[in-house]
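Chemist: Contents of start.txt (compact mmCIF, C-alpha atoms) are below:
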```txt
# COMPACT_ATOMS: atom_id res chain seq x y z
CA MET A 14 0.00 0.00 0.00
CA SER A 15 -0.13 4.54 0.73
CA VAL A 16 1.88 11.14 -3.47
CA GLY A 17 1.61 9.37 -6.80
CA VAL A 18 1.19 5.71 -7.30
CA THR A 19 0.58 3.25 -4.50
CA LEU A 20 3.23 3.51 -1.86
CA LEU A 21 6.81 2.26 -2.15
CA ARG A 22 6.46 -0.67 0.12
CA GLY A 23 8.53 -3.58 1.19
CA ASN A 24 7.40 -7.13 0.67
CA VAL A 25 5.94 -8.95 3.67
CA LEU A 26 8.40 -11.61 4.82
CA PHE A 27 6.59 -12.84 7.82
CA ARG A 28 3.49 -12.36 9.95
CA ARG A 29 3.98 -13.19 13.55
CA HIS A 30 1.42 -13.96 16.20
CA LEU A 31 2.64 -12.15 19.28
CA TRP A 32 0.56 -13.08 22.28
CA THR A 33 -3.11 -13.26 23.22
CA PHE A 34 -4.72 -12.07 26.37
CA LEU A 35 -6.59 -14.51 28.59
CA ASP A 36 -10.04 -13.09 27.97
CA PRO A 37 -12.58 -13.53 25.12
CA THR A 38 -11.76 -10.12 23.64
CA SER A 39 -8.17 -11.02 22.87
CA ARG A 40 -6.71 -10.21 19.46
CA THR A 41 -3.54 -10.88 17.53
CA ILE A 42 -0.99 -8.30 16.46
CA HIS A 43 1.00 -8.98 13.29
CA ALA A 44 4.46 -7.73 12.36
CA SER A 45 5.67 -7.38 8.80
CA CYS A 46 9.35 -6.95 8.02
CA ALA A 47 10.27 -5.28 4.74
CA VAL A 48 12.76 -6.48 2.15
CA PHE A 49 15.41 -3.81 1.81
CA ALA A 50 15.81 -1.88 -1.44
CA GLY A 51 17.40 -3.89 -4.21
CA HIS A 52 16.34 -7.25 -2.81
CA ASN A 53 12.98 -7.22 -4.54
CA LYS A 54 11.85 -5.56 -7.74
CA TRP A 55 8.54 -4.62 -6.23
CA SER A 56 10.24 -2.67 -3.45
CA LYS A 57 10.95 0.01 -6.06
CA VAL A 58 7.38 0.44 -7.27
CA LYS A 59 6.04 3.89 -6.49
CA GLN A 60 3.64 4.96 -3.78
CA VAL A 61 1.49 7.94 -2.89
CA LYS A 62 4.20 9.38 -0.68
CA GLY A 63 6.40 10.34 -3.56
CA PRO A 64 9.15 8.32 -5.25
CA LYS A 65 12.55 9.90 -5.77
CA ASP A 66 12.46 9.70 -9.56
CA ILE A 67 9.25 11.70 -9.87
CA ALA A 68 9.75 15.44 -10.09
CA ARG A 69 8.95 17.45 -6.98
CA SER A 70 6.27 19.28 -8.89
CA ARG A 71 4.50 15.98 -9.63
CA LEU A 72 4.58 15.07 -5.96
CA PHE A 73 3.03 18.41 -5.04
CA GLN A 74 0.44 17.97 -7.78
CA LYS A 75 -0.72 14.69 -6.25
CA LEU A 76 -0.75 16.22 -2.77
CA SER A 77 -2.84 19.10 -4.10
CA MET A 78 -5.31 16.58 -5.51
CA LEU A 79 -5.58 14.92 -2.09
CA ILE A 80 -6.30 18.32 -0.54
CA ARG A 81 -8.98 19.07 -3.12
CA LEU A 82 -10.59 15.70 -2.53
CA ALA A 83 -10.55 16.16 1.25
CA VAL A 84 -12.10 19.62 0.89
CA LYS A 85 -14.74 18.27 -1.48
CA GLU A 86 -15.72 15.57 1.00
CA GLY A 87 -15.51 17.47 4.29
CA GLY A 88 -15.12 21.20 3.75
CA PRO A 89 -12.13 23.60 3.87
CA ASN A 90 -11.74 23.89 7.66
CA PRO A 91 -9.10 21.40 8.90
CA GLU A 92 -10.38 21.79 12.46
CA MET A 93 -13.71 20.35 11.33
CA ASN A 94 -12.30 18.04 8.65
CA THR A 95 -9.96 15.42 10.08
CA ASN A 96 -9.05 14.00 6.69
CA LEU A 97 -8.00 17.43 5.44
CA ALA A 98 -5.93 17.98 8.58
CA ASN A 99 -4.18 14.66 7.95
CA VAL A 100 -3.42 15.54 4.33
CA ILE A 101 -2.07 18.97 5.30
CA GLU A 102 0.21 17.29 7.81
CA GLN A 103 1.43 14.95 5.09
CA CYS A 104 2.07 17.94 2.80
CA ARG A 105 4.14 19.67 5.47
CA SER A 106 6.17 16.51 6.04
CA LYS A 107 7.07 16.64 2.32
CA SER A 108 8.02 20.35 2.54
CA MET A 109 5.17 21.48 0.32
CA PRO A 110 5.08 25.31 0.32
CA LYS A 111 2.42 26.91 2.51
CA ALA A 112 1.14 28.98 -0.41
CA SER A 113 0.60 25.81 -2.45
CA ILE A 114 -1.32 24.18 0.39
CA GLU A 115 -3.55 27.23 0.85
CA GLY A 116 -4.10 27.47 -2.91
CA ALA A 117 -5.16 23.84 -3.10
CA ILE A 118 -7.62 24.33 -0.22
CA ALA A 119 -9.14 27.37 -1.92
CA GLY A 120 -9.33 25.55 -5.24
CA GLY A 121 -10.90 22.50 -3.66
CA ASP A 122 -13.67 24.59 -2.15
CA LYS A 123 -14.62 25.80 -5.64
CA SER A 124 -13.83 22.61 -7.52
CA LYS A 125 -16.46 20.86 -9.63
CA SER A 126 -14.29 17.78 -10.10
CA ALA A 127 -15.74 14.31 -9.64
CA PHE A 128 -14.13 11.60 -7.52
CA LEU A 129 -14.02 8.14 -9.11
CA LEU A 130 -12.74 4.78 -7.89
CA TYR A 131 -11.81 2.39 -10.70
CA GLU A 132 -11.40 -1.34 -10.08
CA ALA A 133 -8.96 -3.15 -12.35
CA ARG A 134 -6.98 -6.33 -12.93
CA GLY A 135 -3.29 -6.07 -13.73
CA PRO A 136 -0.65 -8.56 -14.90
CA GLY A 137 -0.77 -11.97 -13.25
CA GLY A 138 -4.31 -11.42 -11.98
CA SER A 139 -3.21 -8.65 -9.60
CA CYS A 140 -5.88 -6.31 -8.21
CA LEU A 141 -5.76 -2.53 -8.53
CA LEU A 142 -7.85 0.28 -7.08
CA ILE A 143 -7.39 3.58 -8.89
CA GLU A 144 -8.48 6.81 -7.18
CA ILE A 145 -9.28 9.62 -9.61
CA LEU A 146 -10.24 13.28 -9.36
CA THR A 147 -11.33 14.70 -12.71
CA ASP A 148 -13.38 17.45 -14.29
CA SER A 149 -13.99 15.22 -17.33
CA PRO A 150 -14.94 11.63 -16.40
CA LYS A 151 -15.34 10.65 -20.06
CA ARG A 152 -11.85 11.83 -20.99
CA THR A 153 -10.32 10.16 -17.95
CA SER A 154 -12.17 6.90 -18.61
CA GLN A 155 -10.77 6.80 -22.13
CA GLU A 156 -7.24 7.46 -20.88
CA ILE A 157 -7.41 4.81 -18.16
CA ARG A 158 -8.74 2.24 -20.63
CA ARG A 159 -5.94 3.10 -23.06
CA ILE A 160 -3.31 2.58 -20.37
CA MET A 161 -4.87 -0.67 -19.18
CA ASN A 162 -5.03 -2.07 -22.72
CA LYS A 163 -1.42 -1.11 -23.43
CA TYR A 164 -0.11 -2.99 -20.39
CA ARG A 165 -2.52 -5.96 -20.60
CA GLY A 166 -4.76 -4.94 -17.78
CA LEU A 167 -8.51 -4.45 -17.73
CA LEU A 168 -11.18 -2.71 -15.71
CA ALA A 169 -13.11 -5.28 -13.68
CA ASP A 170 -15.90 -5.19 -11.12
CA GLY A 171 -15.48 -6.93 -7.77
CA VAL A 172 -11.84 -6.00 -7.13
CA ARG A 173 -12.80 -3.69 -4.24
CA HIS A 174 -13.70 -6.74 -2.13
CA ASN A 175 -10.01 -7.70 -2.02
CA PHE A 176 -9.17 -4.56 -0.01
CA GLU A 177 -10.08 -3.07 3.34
CA LYS A 178 -9.87 0.61 4.17
CA LYS A 179 -7.60 1.16 7.16
CA GLY A 180 -6.03 3.94 9.15
CA ILE A 181 -2.27 4.32 8.65
CA ILE A 182 0.21 5.99 10.99
CA VAL A 183 3.78 6.29 9.70
CA VAL A 184 6.30 6.54 12.52
CA GLY A 185 10.04 7.12 12.58
CA THR A 186 12.43 4.41 13.75
CA GLN A 187 13.74 6.71 16.49
CA ASN A 188 11.62 7.74 19.44
CA GLN A 189 11.26 11.23 20.87
CA ALA A 190 14.40 10.71 22.96
CA GLY A 191 16.40 9.83 19.84
CA ASN A 192 16.71 6.14 20.67
CA PRO A 193 16.13 3.48 17.99
CA VAL A 194 12.81 1.63 17.98
CA SER A 195 13.02 -2.02 16.91
CA LEU A 196 10.21 -3.99 15.32
CA GLU A 197 9.87 -6.00 18.52
CA GLN A 198 9.41 -2.80 20.53
CA ALA A 199 6.94 -1.55 17.93
CA LEU A 200 4.90 -4.73 18.41
CA GLU A 201 4.58 -4.11 22.13
CA LEU A 202 3.64 -0.48 21.55
CA ALA A 203 1.10 -1.50 18.89
CA ILE A 204 -0.69 -3.72 21.38
CA GLU A 205 -0.78 -0.94 23.95
CA ALA A 206 -1.99 1.64 21.42
CA GLY A 207 -4.65 -0.61 19.87
CA ALA A 208 -3.11 -1.06 16.39
CA GLU A 209 -3.80 -4.17 14.31
CA ASP A 210 -0.59 -4.51 12.34
CA VAL A 211 2.97 -3.18 12.13
CA GLN A 212 5.06 -3.10 8.96
CA GLU A 213 8.64 -1.99 8.46
CA GLU A 214 9.17 -0.15 5.18
CA GLU A 215 11.42 2.25 3.35
CA ASP A 216 10.20 5.74 2.54
CA GLU A 217 11.03 7.64 -0.66
CA ASP A 218 14.40 8.64 0.82
CA GLU A 219 15.22 4.95 1.51
CA LYS A 220 14.94 5.51 5.25
CA MET A 221 13.23 2.85 7.31
CA THR A 222 9.88 3.72 8.88
CA LEU A 223 7.30 1.87 10.96
CA LYS A 224 3.79 1.69 9.53
CA PHE A 225 1.06 1.08 12.10
CA ILE A 226 -2.28 -0.11 10.71
CA CYS A 227 -5.55 0.28 12.59
CA SER A 228 -9.29 0.44 12.02
CA VAL A 229 -10.56 3.72 10.59
CA PRO A 230 -12.61 4.76 13.67
CA THR A 231 -9.58 4.35 15.97
CA LEU A 232 -7.06 6.24 13.80
CA ARG A 233 -6.87 9.40 15.90
CA GLN A 234 -6.88 7.46 19.17
CA VAL A 235 -4.05 5.14 18.05
CA ARG A 236 -1.97 8.03 16.73
CA GLU A 237 -2.34 9.99 19.97
CA LYS A 238 -1.45 6.93 22.00
CA LEU A 239 1.67 6.21 19.92
CA ASP A 240 2.81 9.81 20.38
CA ALA A 241 2.11 9.56 24.12
CA LEU A 242 4.22 6.38 24.23
CA GLY A 243 7.19 8.35 22.90
CA LEU A 244 7.09 7.61 19.18
CA CYS A 245 7.43 10.27 16.47
CA SER A 246 4.53 10.04 14.03
CA HIS A 247 5.27 11.51 10.60
CA SER A 248 1.89 11.26 8.90
CA VAL A 249 -1.55 9.71 9.13
CA SER A 250 -3.86 8.69 6.30
CA LEU A 251 -6.60 6.34 5.15
CA GLU A 252 -5.51 3.65 2.70
CA PHE A 253 -6.82 0.52 1.05
CA ILE A 254 -4.96 -2.52 2.39
CA PRO A 255 -5.17 -5.82 0.44
CA THR A 256 -6.74 -8.80 2.19
CA VAL A 257 -5.22 -11.23 -0.33
CA THR A 258 -1.98 -10.89 -2.29
CA ALA A 259 -0.90 -11.90 -5.80
CA GLN A 260 2.40 -13.61 -6.57
CA LEU A 261 3.82 -12.50 -9.92
CA SER A 262 6.56 -13.88 -12.14
CA ASP A 263 9.51 -11.65 -13.04
CA GLU A 264 7.95 -10.85 -16.41
CA GLU A 265 4.59 -10.04 -14.83
CA MET A 266 6.34 -7.94 -12.19
CA ASP A 267 8.04 -5.84 -14.88
CA ARG A 268 4.76 -5.28 -16.70
CA ALA A 269 2.99 -4.41 -13.46
CA SER A 270 5.68 -1.85 -12.65
CA GLN A 271 5.25 -0.27 -16.08
CA LEU A 272 1.48 -0.20 -15.65
CA LEU A 273 1.66 1.50 -12.27
CA GLN A 274 4.17 4.02 -13.60
CA ALA A 275 1.85 4.88 -16.50
CA LEU A 276 -1.16 5.22 -14.21
CA GLY A 277 0.84 7.41 -11.84
CA ASP A 278 1.78 9.70 -14.72
CA CYS A 279 -1.89 10.22 -15.58
CA GLU A 280 -2.74 13.72 -14.35
CA ASP A 281 -6.18 12.72 -13.02
CA VAL A 282 -4.96 9.78 -10.94
CA ILE A 283 -4.55 10.49 -7.24
CA ARG A 284 -3.40 7.09 -5.98
CA VAL A 285 -3.22 3.47 -7.08
CA TYR A 286 -3.41 0.58 -4.63
CA ASP A 287 -2.31 -2.95 -5.51
CA ASN A 288 -2.18 -6.37 -3.88
CA ILE A 289 1.14 -7.49 -5.33
CA ALA A 290 3.29 -9.44 -2.87
```
Translate the structure of the given file into structure tokens.
Modeler:
Amino acid sequence: MSVGVTLLRGNVLFRRHLWTFLDPTSRTIHASCAVFAGHNKWSKVKQVKGPKDIARSRLFQKLSMLIRLAVKEGGPNPEMNTNLANVIEQCRSKSMPKASIEGAIAGGDKSKSAFLLYEARGPGGSCLLIEILTDSPKRTSQEIRRIMNKYRGLLADGVRHNFEKKGIIVVGTQNQAGNPVSLEQALELAIEAGAEDVQEEEDEDEKMTLKFICSVPTLRQVREKLDALGLCSHSVSLEFIPTVTAQLSDEEMDRASQLLQALGDCEDVIRVYDNIA
């Protein structure tokens, strides 16, 4: 999974059951350790947080689209619109100029663009969700179909059922005191904060981060708890997380990478989520 195409993310190597409490409400926390850059082709596929090889202006363009969408859905006041507040925080973490953020908020309030969610199948039977913000749905539909045909994908109903929408908190691997935070420590903190999953991934600068996953209603609560426990949260967001993954051959992986790159270059595409392992 979570600006541009679906987040540069490490492959899941293991999922570990930690411990269960002795009452009927017990639950299991999972940990996912990322493959480091260069060990897996898919670790270089782009994500919404902004790959290095995409121009800074493209990154800011995608962030502006997220702002416009948040404003469209919940209004221009970040104090009343939690999603907008989260996006603004993400923009600041990427050093987006204040004037650009304010311009996007003002534009979103006046925007007549339509939000669309396309479901698609990619190489090797992989599943894709494509978030779009466009002022011309017909034009965008034609462009998306052209891209899908070129890279042997197709639009397909039913793909959405392979994803769940989750809250995401990205945290640094050093705590507020400057001490390193291991995956094992993150597991313990996840249980205390109420998170469901922890993944270790590289960001666009190839720095390791910890990605805490939780249910949407508990996002703010989990984030506040993680901060109170001494962690340094970088950003929060809502993302589609796959419930099943697709294993691709090397050839399919190359074609999938090309497809996601092409979709990410489409000016109306906000984000693309995939279920490629």
Chemist: So how far away is CA of Arg268 (chain A) from CA of Leu79 (chain A), in Å?
Modeler: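 One can read the CA of Leu79 (chain A) to CA of Arg268 (chain A) distance as 27.0 Å.
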Chemist: Which region 88-141 of chain A residues have any atom within 12 Å of an atom of region 271-279 of chain A, and for each, what is the nearest pair of atoms with distance in Å to one decimal, counting all atoms listed in the file, rows sorted by chain and number, as JSON lines?
Modeler:
```
{"residue": "A:Tyr131", "atom": "CA", "partner": "A:Leu276", "partner_atom": "CA", "distance": 11.6}
{"residue": "A:Ala133", "atom": "CA", "partner": "A:Leu272", "partner_atom": "CA", "distance": 11.3}
{"residue": "A:Arg134", "atom": "CA", "partner": "A:Leu272", "partner_atom": "CA", "distance": 10.8}
{"residue": "A:Gly135", "atom": "CA", "partner": "A:Leu272", "partner_atom": "CA", "distance": 7.8}
{"residue": "A:Pro136", "atom": "CA", "partner": "A:Leu272", "partner_atom": "CA", "distance": 8.7}
{"residue": "A:Ser139", "atom": "CA", "partner": "A:Leu272", "partner_atom": "CA", "distance": 11.4}
{"residue": "A:Cys140", "atom": "CA", "partner": "A:Leu273", "partner_atom": "CA", "distance": 11.6}
{"residue": "A:Leu141", "atom": "CA", "partner": "A:Leu273", "partner_atom": "CA", "distance": 9.2}
```
Chemist: Could you jot down the CA of Arg284 (chain A) to CA of Thr147 (chain A) separation for me, Å, one decimal place?
Modeler: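 These two atoms are separated by 12.9 Å.
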Chemist: Nearest to Ile160 (chain A): which of A:Asp216, A:Leu76, A:Val172, A:Ala269 is it, counting all atoms listed in the file?
Modeler: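 The shortest atom-to-atom distance to Ile160 (chain A) comes from A:Ala269.
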Chemist: Separation of CA of Gln212 (chain A) and CA of His174 (chain A), in Å?
Modeler: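 These atoms are spaced 22.1 Å apart.
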Chemist: So which one's closest to Lys224 (chain A), A:Thr186, A:Ser108, A:Ser149, A:Gln198? Using only C-alpha atoms, please.
Modeler: A:Thr186
Chemist: Identify which of the residues A:Asn96, A:Thr231, A:Thr153, A:Ser124 lies closest to Ser248 (chain A), counting only C-alpha atoms when measuring atom-to-atom distances.
Modeler: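 Between A:Asn96, A:Thr231, A:Thr153, A:Ser124, the residue approaching Ser248 (chain A) most closely is A:Asn96.
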Chemist: Neighbouring residues of Ile114 (chain A) were defined as those with any atom within 12 Å, considering only C-alpha atoms; residues of the same chain fewer than 2 positions away were excluded. Please report them as a ChimeraX atom specification.
Modeler: /A:73-81,84,89,91,97-98,100-105,107-112,116-121
Chemist: Export C-alpha atoms of the chosen residues as an mmCIF file, in the frame of the given file?
Modeler:
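This went into out23.cif:
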```
data_model
loop_
_atom_site.group_PDB
_atom_site.id
_atom_site.type_symbol
_atom_site.label_atom_id
_atom_site.label_comp_id
_atom_site.auth_asym_id
_atom_site.auth_seq_id
_atom_site.Cartn_x
_atom_site.Cartn_y
_atom_site.Cartn_z
ATOM 1 C CA PHE A 73 3.030 18.410 -5.040
ATOM 2 C CA GLN A 74 0.440 17.970 -7.780
ATOM 3 C CA LYS A 75 -0.720 14.690 -6.250
ATOM 4 C CA LEU A 76 -0.750 16.220 -2.770
ATOM 5 C CA SER A 77 -2.840 19.100 -4.100
ATOM 6 C CA MET A 78 -5.310 16.580 -5.510
ATOM 7 C CA LEU A 79 -5.580 14.920 -2.090
ATOM 8 C CA ILE A 80 -6.300 18.320 -0.540
ATOM 9 C CA ARG A 81 -8.980 19.070 -3.120
ATOM 10 C CA VAL A 84 -12.100 19.620 0.890
ATOM 11 C CA PRO A 89 -12.130 23.600 3.870
ATOM 12 C CA PRO A 91 -9.100 21.400 8.900
ATOM 13 C CA LEU A 97 -8.000 17.430 5.440
ATOM 14 C CA ALA A 98 -5.930 17.980 8.580
ATOM 15 C CA VAL A 100 -3.420 15.540 4.330
ATOM 16 C CA ILE A 101 -2.070 18.970 5.300
ATOM 17 C CA GLU A 102 0.210 17.290 7.810
ATOM 18 C CA GLN A 103 1.430 14.950 5.090
ATOM 19 C CA CYS A 104 2.070 17.940 2.800
ATOM 20 C CA ARG A 105 4.140 19.670 5.470
ATOM 21 C CA LYS A 107 7.070 16.640 2.320
ATOM 22 C CA SER A 108 8.020 20.350 2.540
ATOM 23 C CA MET A 109 5.170 21.480 0.320
ATOM 24 C CA PRO A 110 5.080 25.310 0.320
ATOM 25 C CA LYS A 111 2.420 26.910 2.510
ATOM 26 C CA ALA A 112 1.140 28.980 -0.410
ATOM 27 C CA GLY A 116 -4.100 27.470 -2.910
ATOM 28 C CA ALA A 117 -5.160 23.840 -3.100
ATOM 29 C CA ILE A 118 -7.620 24.330 -0.220
ATOM 30 C CA ALA A 119 -9.140 27.370 -1.920
ATOM 31 C CA GLY A 120 -9.330 25.550 -5.240
ATOM 32 C CA GLY A 121 -10.900 22.500 -3.660
#
```
Chemist: Leaving out Thr258 (chain A) and any residue of its chain fewer than 2 positions from it, which residues lie within 8 Å of it when counting all atoms listed in the file, given as JSON, numbers by chain?
Modeler: {"A": [139, 255, 256, 260, 288, 289, 290]}
Chemist: Between A:Leu142, A:Ile204, A:Ile157, A:Leu251, which one has atoms that come closest to Phe176 (chain A), using only C-alpha atoms?
Modeler: A:Leu142
Chemist: Edge lengths and centre in Å to one decimal, as AutoDock Vina command-line options, is what I'm after for the box along x, y and z that holds all listed atoms of region 167-178 of chain A once 4 Å is added on each side.
Modeler:
```
--center_x -12.2 --center_y -3.5 --center_z -6.8 --size_x 15.4 --size_y 16.3 --size_z 29.9
```
Chemist: With all atoms listed in the file as the atoms that count, which of A:Met266, A:Leu82, A:Leu167, A:Ala199 lies nearest to Gln187 (chain A)?
Modeler: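 Of A:Met266, A:Leu82, A:Leu167, A:Ala199, the one nearest Gln187 (chain A) is A:Ala199, counting all atoms listed in the file.
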Chemist: A:Ser106, A:Lys85, A:Asn188, A:Asn94: which is nearest Lys123 (chain A), counting all atoms listed in the file?
Modeler: A:Lys85
Chemist: Just so I have it separately, write region 235-245 of chain A from the block I sent, keeping all heavy atoms, as an mmCIF file, in the first residue's frame.
Modeler:
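Output (result_4.cif):
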```
data_model
loop_
_atom_site.group_PDB
_atom_site.id
_atom_site.type_symbol
_atom_site.label_atom_id
_atom_site.label_comp_id
_atom_site.auth_asym_id
_atom_site.auth_seq_id
_atom_site.Cartn_x
_atom_site.Cartn_y
_atom_site.Cartn_z
ATOM 1 N N VAL A 235 -5.305 5.895 18.143
ATOM 2 C CA VAL A 235 -4.052 5.141 18.054
ATOM 3 C C VAL A 235 -2.880 6.080 17.841
ATOM 4 O O VAL A 235 -1.819 5.930 18.462
ATOM 5 C CB VAL A 235 -4.130 4.097 16.922
ATOM 6 C CG1 VAL A 235 -2.768 3.434 16.699
ATOM 7 C CG2 VAL A 235 -5.173 3.037 17.239
ATOM 8 N N ARG A 236 -3.050 7.069 16.992
ATOM 9 C CA ARG A 236 -1.969 8.026 16.731
ATOM 10 C C ARG A 236 -1.600 8.776 18.009
ATOM 11 O O ARG A 236 -0.405 8.931 18.340
ATOM 12 C CB ARG A 236 -2.417 8.999 15.646
ATOM 13 C CG ARG A 236 -1.286 9.902 15.114
ATOM 14 C CD ARG A 236 -1.222 11.236 15.824
ATOM 15 N NE ARG A 236 -0.166 12.051 15.328
ATOM 16 C CZ ARG A 236 -0.286 12.886 14.296
ATOM 17 N NH1 ARG A 236 -1.420 12.996 13.641
ATOM 18 N NH2 ARG A 236 0.747 13.619 13.913
ATOM 19 N N GLU A 237 -2.605 9.260 18.728
ATOM 20 C CA GLU A 237 -2.335 9.994 19.967
ATOM 21 C C GLU A 237 -1.647 9.100 20.994
ATOM 22 O O GLU A 237 -0.741 9.543 21.713
ATOM 23 C CB GLU A 237 -3.647 10.549 20.526
ATOM 24 C CG GLU A 237 -4.234 11.672 19.681
ATOM 25 C CD GLU A 237 -5.582 12.136 20.193
ATOM 26 O OE1 GLU A 237 -6.135 11.460 21.097
ATOM 27 O OE2 GLU A 237 -6.090 13.170 19.702
ATOM 28 N N LYS A 238 -2.054 7.853 21.050
ATOM 29 C CA LYS A 238 -1.449 6.927 21.998
ATOM 30 C C LYS A 238 0.007 6.636 21.640
ATOM 31 O O LYS A 238 0.883 6.590 22.517
ATOM 32 C CB LYS A 238 -2.252 5.618 22.021
ATOM 33 C CG LYS A 238 -1.802 4.636 23.091
ATOM 34 C CD LYS A 238 -2.026 5.168 24.493
ATOM 35 C CE LYS A 238 -1.717 4.126 25.554
ATOM 36 N NZ LYS A 238 -1.890 4.635 26.920
ATOM 37 N N LEU A 239 0.294 6.456 20.348
ATOM 38 C CA LEU A 239 1.668 6.206 19.916
ATOM 39 C C LEU A 239 2.567 7.398 20.245
ATOM 40 O O LEU A 239 3.709 7.232 20.683
ATOM 41 C CB LEU A 239 1.711 5.901 18.417
ATOM 42 C CG LEU A 239 1.096 4.567 17.979
ATOM 43 C CD1 LEU A 239 1.048 4.474 16.464
ATOM 44 C CD2 LEU A 239 1.881 3.385 18.562
ATOM 45 N N ASP A 240 2.047 8.603 20.028
ATOM 46 C CA ASP A 240 2.813 9.807 20.377
ATOM 47 C C ASP A 240 3.036 9.872 21.893
ATOM 48 O O ASP A 240 4.132 10.217 22.357
ATOM 49 C CB ASP A 240 2.087 11.057 19.900
ATOM 50 C CG ASP A 240 2.198 11.262 18.393
ATOM 51 O OD1 ASP A 240 3.117 10.681 17.786
ATOM 52 O OD2 ASP A 240 1.363 11.989 17.826
ATOM 53 N N ALA A 241 1.999 9.533 22.657
ATOM 54 C CA ALA A 241 2.114 9.561 24.118
ATOM 55 C C ALA A 241 3.100 8.516 24.618
ATOM 56 O O ALA A 241 3.734 8.703 25.671
ATOM 57 C CB ALA A 241 0.746 9.332 24.753
ATOM 58 N N LEU A 242 3.274 7.436 23.849
ATOM 59 C CA LEU A 242 4.216 6.383 24.228
ATOM 60 C C LEU A 242 5.648 6.702 23.808
ATOM 61 O O LEU A 242 6.555 5.890 24.008
ATOM 62 C CB LEU A 242 3.782 5.049 23.602
ATOM 63 C CG LEU A 242 2.493 4.436 24.188
ATOM 64 C CD1 LEU A 242 2.027 3.254 23.334
ATOM 65 C CD2 LEU A 242 2.740 3.974 25.628
ATOM 66 N N GLY A 243 5.836 7.894 23.217
ATOM 67 C CA GLY A 243 7.190 8.348 22.901
ATOM 68 C C GLY A 243 7.621 8.193 21.465
ATOM 69 O O GLY A 243 8.767 8.508 21.132
ATOM 70 N N LEU A 244 6.731 7.737 20.582
ATOM 71 C CA LEU A 244 7.092 7.608 19.177
ATOM 72 C C LEU A 244 6.911 8.937 18.452
ATOM 73 O O LEU A 244 6.233 9.842 18.941
ATOM 74 C CB LEU A 244 6.250 6.524 18.508
ATOM 75 C CG LEU A 244 6.448 5.103 19.033
ATOM 76 C CD1 LEU A 244 5.578 4.123 18.265
ATOM 77 C CD2 LEU A 244 7.908 4.682 18.956
ATOM 78 N N CYS A 245 7.510 9.044 17.263
ATOM 79 C CA CYS A 245 7.431 10.267 16.469
ATOM 80 C C CYS A 245 6.633 9.982 15.199
ATOM 81 O O CYS A 245 7.179 9.449 14.225
ATOM 82 C CB CYS A 245 8.822 10.772 16.096
ATOM 83 S SG CYS A 245 9.873 11.189 17.503
#
```
